[in-house]
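A.B. asks: Sharing a structure below in structure tokens format, with a few things to ask.
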Amino acid sequence: MVERIRGDAPVLVIGLGRFGAACAGELDRLDREVLAIDENLDLVQKWSERVTHTVQADAKNIDALKQIGAQDFSVAVVAVGSSIEASVLITANLVDLKVPQIWAKAVSQSHGKILARVGANHVIYPEREAGERVAHLVSGRMLDFIRFDDDFALAKLYPPKFIRGVGLNESGVRTKYNVTVVGVKSPGKPFRYAEANTVVTNHDLIIVSGTNSDIERFASLER
């Protein structure tokens, strides 16, 4: 049985490089209790003003993790990526300390496999995911793109001409292109959920969902 983790559970973030610092800073902004650690004192001092709790510690040493109370955390993020050996050892230490939920950054597929075998519950590939996202954006057809598992994606783009000025149910966008318009943003207004009778104008942005290939095909239509 998988242990259920509270949505406001404190988070241990190990590694204060760009990825780890961004993660710790955003968690802190969301009012989550965060303890961020790094063995580099300069990085600890740099981020001490943005993250409430920062500590210098070597997470490769399980005794050091015990001293900072790592075993009391329900969630940990291993943001160390430059050294594969270090990230694997840190992950293994967290497993030994019985931390229930471990998120670990991987720099390659083989690295990710090792992390998963050691016991990481979630393996993250930030560089690969960022590269894939940019590949969809450089064409200029999409303004934002997020791909999830099983080839499902969300994209923000300007609407093709054929769906402008008519209700979404009349445009046949779902039956013709297998994508769903889930949100619409008009200038100066917040995003709103799209409904069957929603009319998209020339000035709107839309958010669509569907498979990677269907969204690419839909995005290539005339604007």
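Following the order of the structure tokens, chains are lettered A, B, ..., residues in each are numbered from 1, and ligands are numbered from 1.
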Excluding Lys60 of chain A and residues on its chain fewer than 4 positions from it, collect all residues at most 7 Å away from it, counting only C-alpha atoms, and give them as an MDAnalysis selection string.
C.D. replies: chainID A and resid 86 89:90
A.B. asks: May I have a table of the residues of segment 40-99 of chain A lying at most 9 Å from segment 116-121 of chain A, giving each one's closest pair of atoms and their distance in Å to one decimal, counting only C-alpha atoms, ordered by chain and ascending residue number, as CSV?
C.D. replies:
residue,atom,partner,partner_atom,distance
A:Val88,CA,A:Val118,CA,7.3
A:Leu89,CA,A:Val118,CA,8.8
A:Thr91,CA,A:Ala120,CA,6.6
A:Ala92,CA,A:Val118,CA,5.9
A:Leu94,CA,A:Gly119,CA,8.8
A:Val95,CA,A:Gly119,CA,6.2
A.B. asks: I'd like the interatomic distance between atom CA of Lys105 of chain A and atom CA of Gly15 of chain A, to a tenth of an Å.
C.D. replies: 10.2 Å
A.B. asks: Determine which residues of segment 155-214 of chain A receive a DSSP assignment of strand (DSSP E), computed from the backbone, and state them as a ChimeraX atom specification.
C.D. replies: /A:155-157,180-185,192-193,205-211
A.B. asks: The selected residues should be written to file as a compact mmCIF listing (two decimals), in the first residue's frame (atoms: all heavy atoms).
C.D. replies:
# COMPACT_ATOMS: atom_id res chain seq x y z
N ALA A 155 -1.13 22.57 -25.16
CA ALA A 155 -0.41 23.62 -25.90
C ALA A 155 -1.20 24.91 -25.88
O ALA A 155 -2.45 24.90 -25.88
CB ALA A 155 -0.16 23.18 -27.34
N LYS A 156 -0.49 26.02 -25.85
CA LYS A 156 -1.10 27.35 -25.95
C LYS A 156 -0.73 27.92 -27.31
O LYS A 156 0.44 27.93 -27.68
CB LYS A 156 -0.60 28.26 -24.83
CG LYS A 156 -1.17 29.67 -24.89
CD LYS A 156 -0.82 30.48 -23.65
CE LYS A 156 0.63 30.87 -23.62
NZ LYS A 156 0.94 31.79 -22.48
N LEU A 157 -1.72 28.41 -28.06
CA LEU A 157 -1.45 28.91 -29.40
C LEU A 157 -2.56 29.86 -29.85
O LEU A 157 -3.61 29.96 -29.21
CB LEU A 157 -1.32 27.75 -30.39
CG LEU A 157 -2.54 26.85 -30.62
CD1 LEU A 157 -2.44 26.19 -31.98
CD2 LEU A 157 -2.60 25.75 -29.55
N THR A 180 -8.96 18.95 -28.20
CA THR A 180 -10.02 19.60 -27.45
C THR A 180 -9.56 20.98 -26.99
O THR A 180 -8.47 21.10 -26.42
CB THR A 180 -10.40 18.77 -26.21
OG1 THR A 180 -10.84 17.48 -26.64
CG2 THR A 180 -11.51 19.45 -25.42
N VAL A 181 -10.35 21.99 -27.28
CA VAL A 181 -10.05 23.33 -26.77
C VAL A 181 -10.55 23.37 -25.33
O VAL A 181 -11.75 23.28 -25.08
CB VAL A 181 -10.74 24.42 -27.61
CG1 VAL A 181 -10.43 25.81 -27.03
CG2 VAL A 181 -10.28 24.35 -29.06
N VAL A 182 -9.62 23.49 -24.38
CA VAL A 182 -10.00 23.44 -22.97
C VAL A 182 -10.05 24.81 -22.32
O VAL A 182 -10.66 24.99 -21.27
CB VAL A 182 -9.04 22.53 -22.17
CG1 VAL A 182 -9.15 21.10 -22.65
CG2 VAL A 182 -7.60 23.01 -22.28
N GLY A 183 -9.39 25.81 -22.93
CA GLY A 183 -9.40 27.14 -22.34
C GLY A 183 -9.21 28.22 -23.38
O GLY A 183 -8.63 27.98 -24.44
N VAL A 184 -9.73 29.41 -23.09
CA VAL A 184 -9.62 30.55 -24.01
C VAL A 184 -9.22 31.78 -23.20
O VAL A 184 -9.72 31.99 -22.09
CB VAL A 184 -10.97 30.83 -24.72
CG1 VAL A 184 -10.84 32.04 -25.64
CG2 VAL A 184 -11.45 29.60 -25.48
N LYS A 185 -8.30 32.56 -23.76
CA LYS A 185 -7.91 33.81 -23.10
C LYS A 185 -8.11 34.98 -24.04
O LYS A 185 -7.52 35.05 -25.12
CB LYS A 185 -6.45 33.77 -22.66
CG LYS A 185 -6.06 35.04 -21.89
CD LYS A 185 -4.74 34.93 -21.21
CE LYS A 185 -4.50 36.09 -20.25
NZ LYS A 185 -5.00 37.38 -20.69
N ARG A 192 -10.47 31.33 -19.33
CA ARG A 192 -11.75 30.76 -18.93
C ARG A 192 -11.89 29.39 -19.59
O ARG A 192 -11.32 29.13 -20.65
CB ARG A 192 -12.91 31.66 -19.36
CG ARG A 192 -13.13 31.79 -20.85
CD ARG A 192 -14.22 32.81 -21.18
NE ARG A 192 -14.61 32.79 -22.59
CZ ARG A 192 -13.97 33.43 -23.55
NH1 ARG A 192 -12.89 34.15 -23.26
NH2 ARG A 192 -14.40 33.36 -24.80
N TYR A 193 -12.62 28.51 -18.95
CA TYR A 193 -12.85 27.20 -19.52
C TYR A 193 -13.69 27.32 -20.79
O TYR A 193 -14.62 28.11 -20.85
CB TYR A 193 -13.56 26.27 -18.54
CG TYR A 193 -12.71 25.84 -17.38
CD1 TYR A 193 -12.98 26.28 -16.09
CD2 TYR A 193 -11.62 24.99 -17.58
CE1 TYR A 193 -12.19 25.89 -15.02
CE2 TYR A 193 -10.83 24.60 -16.52
CZ TYR A 193 -11.11 25.05 -15.24
OH TYR A 193 -10.31 24.66 -14.20
N LEU A 205 -6.30 33.75 -27.39
CA LEU A 205 -5.39 32.61 -27.34
C LEU A 205 -6.19 31.41 -26.87
O LEU A 205 -7.18 31.57 -26.13
CB LEU A 205 -4.25 32.87 -26.35
CG LEU A 205 -3.23 33.96 -26.70
CD1 LEU A 205 -2.28 34.16 -25.52
CD2 LEU A 205 -2.45 33.56 -27.94
N ILE A 206 -5.79 30.22 -27.27
CA ILE A 206 -6.49 29.02 -26.82
C ILE A 206 -5.50 28.02 -26.23
O ILE A 206 -4.31 28.02 -26.55
CB ILE A 206 -7.27 28.35 -27.98
CG1 ILE A 206 -6.32 27.96 -29.13
CG2 ILE A 206 -8.39 29.25 -28.48
CD1 ILE A 206 -7.00 27.14 -30.23
N ILE A 207 -6.01 27.18 -25.34
CA ILE A 207 -5.25 26.04 -24.82
C ILE A 207 -5.94 24.78 -25.31
O ILE A 207 -7.16 24.63 -25.15
CB ILE A 207 -5.18 26.06 -23.29
CG1 ILE A 207 -4.35 27.23 -22.81
CG2 ILE A 207 -4.58 24.75 -22.77
CD1 ILE A 207 -4.22 27.33 -21.31
N VAL A 208 -5.19 23.91 -25.94
CA VAL A 208 -5.76 22.68 -26.48
C VAL A 208 -5.06 21.47 -25.88
O VAL A 208 -3.91 21.54 -25.46
CB VAL A 208 -5.65 22.63 -28.03
CG1 VAL A 208 -6.38 23.79 -28.65
CG2 VAL A 208 -4.20 22.61 -28.48
N SER A 209 -5.78 20.37 -25.82
CA SER A 209 -5.22 19.10 -25.34
C SER A 209 -5.39 18.04 -26.41
O SER A 209 -6.30 18.10 -27.24
CB SER A 209 -5.93 18.67 -24.04
OG SER A 209 -7.30 18.39 -24.30
N GLY A 210 -4.50 17.07 -26.38
CA GLY A 210 -4.56 15.97 -27.34
C GLY A 210 -3.23 15.26 -27.39
O GLY A 210 -2.33 15.51 -26.57
N THR A 211 -3.06 14.37 -28.36
CA THR A 211 -1.78 13.70 -28.50
C THR A 211 -0.77 14.66 -29.13
O THR A 211 -1.13 15.65 -29.76
CB THR A 211 -1.89 12.45 -29.39
OG1 THR A 211 -2.23 12.86 -30.73
CG2 THR A 211 -2.95 11.49 -28.87
A.B. asks: How many Å lie between atom CA of Val75 of chain A and atom CA of Phe145 of chain A, rounded to one decimal?
C.D. replies: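 Those two atoms sit 27.7 Å apart.
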A.B. asks: Measure the distance from atom CA of Ala153 of chain A to atom CA of Ser220 of chain A in Å and round it to one decimal.
C.D. replies: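 Here the two named atoms are 15.6 Å from each other.
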A.B. asks: Between A:Ser82, A:Thr198, A:Gln67, A:Asn169, single out the one closest to Gly20 of chain A, counting only C-alpha atoms.
C.D. replies: A:Ser82
A.B. asks: Please provide the set of residues having any atom within 12 Å of segment 122-131 of chain A, restricted to only C-alpha atoms, with same-chain residues fewer than 5 positions apart removed, written as JSON, numbers by chain.
C.D. replies: {"A": [18, 19, 20, 22, 23, 75, 76, 77, 78, 79, 80, 81, 87, 88, 91, 100, 101, 102, 103, 104, 105, 106, 107, 108, 109, 110, 111, 112, 113, 114, 115, 116, 117, 136, 137, 138, 144, 145, 146, 147, 148, 149]}
A.B. asks: Would you save the residues from that selection as a compact mmCIF listing (two decimals), in the first residue's frame, using C-alpha atoms?
C.D. replies:
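Written file, part_18.txt:
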# COMPACT_ATOMS: atom_id res chain seq x y z
CA ARG A 18 19.80 26.05 -10.69
CA PHE A 19 17.23 23.25 -10.58
CA GLY A 20 17.32 22.70 -6.83
CA ALA A 22 14.34 27.02 -8.32
CA CYS A 23 12.44 24.11 -6.75
CA VAL A 75 9.15 14.17 0.73
CA ALA A 76 12.67 14.74 -0.57
CA VAL A 77 14.00 16.14 -3.85
CA VAL A 78 17.48 15.04 -4.96
CA ALA A 79 18.48 17.93 -7.21
CA VAL A 80 22.13 16.88 -7.57
CA GLY A 81 22.83 16.07 -11.21
CA SER A 87 22.93 11.54 -6.71
CA VAL A 88 22.65 7.74 -6.57
CA THR A 91 19.04 8.64 -3.08
CA PRO A 100 8.46 7.72 1.70
CA GLN A 101 8.55 9.91 -1.40
CA ILE A 102 11.80 10.64 -3.25
CA TRP A 103 12.03 12.79 -6.38
CA ALA A 104 15.40 12.57 -8.12
CA LYS A 105 16.89 14.52 -11.02
CA ALA A 106 18.51 12.46 -13.79
CA VAL A 107 20.82 13.65 -16.55
CA SER A 108 20.40 10.58 -18.78
CA GLN A 109 18.17 7.57 -19.31
CA SER A 110 20.73 5.21 -17.77
CA HIS A 111 21.10 7.52 -14.77
CA GLY A 112 17.33 7.53 -14.35
CA LYS A 113 17.16 3.73 -14.46
CA ILE A 114 19.74 3.47 -11.70
CA LEU A 115 17.88 6.00 -9.56
CA ALA A 116 14.64 4.08 -10.01
CA ARG A 117 16.30 0.78 -9.12
CA HIS A 136 7.92 22.43 -30.28
CA LEU A 137 8.21 26.17 -29.69
CA VAL A 138 10.94 27.09 -32.20
CA ASP A 144 3.78 27.07 -24.87
CA PHE A 145 3.84 23.29 -24.84
CA ILE A 146 3.70 20.70 -22.04
CA ARG A 147 3.88 16.97 -22.73
CA PHE A 148 2.72 14.40 -20.21
CA ASP A 149 3.00 10.61 -20.14
A.B. asks: Calculated over only C-alpha atoms, which of the candidates A:Leu12, A:Ala70, A:Val200, A:Ala219 has the smallest distance to Leu143 of chain A?
C.D. replies: A:Ala219
A.B. asks: From the set A:Val99, A:Val51, A:Ile68, A:Ala9, which residue has the shortest atom-to-atom contact distance to Arg32 of chain A, counting only C-alpha atoms?
C.D. replies: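 So, comparing all the options, the nearest one is A:Ala9.
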A.B. asks: Measuring atom to atom with only C-alpha atoms, identify which of A:Glu49, A:Asp96, A:Glu216, A:Asp150 is nearest to Ala135 of chain A.
C.D. replies: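 Using only C-alpha atoms, the shortest distance to Ala135 of chain A belongs to A:Glu216.
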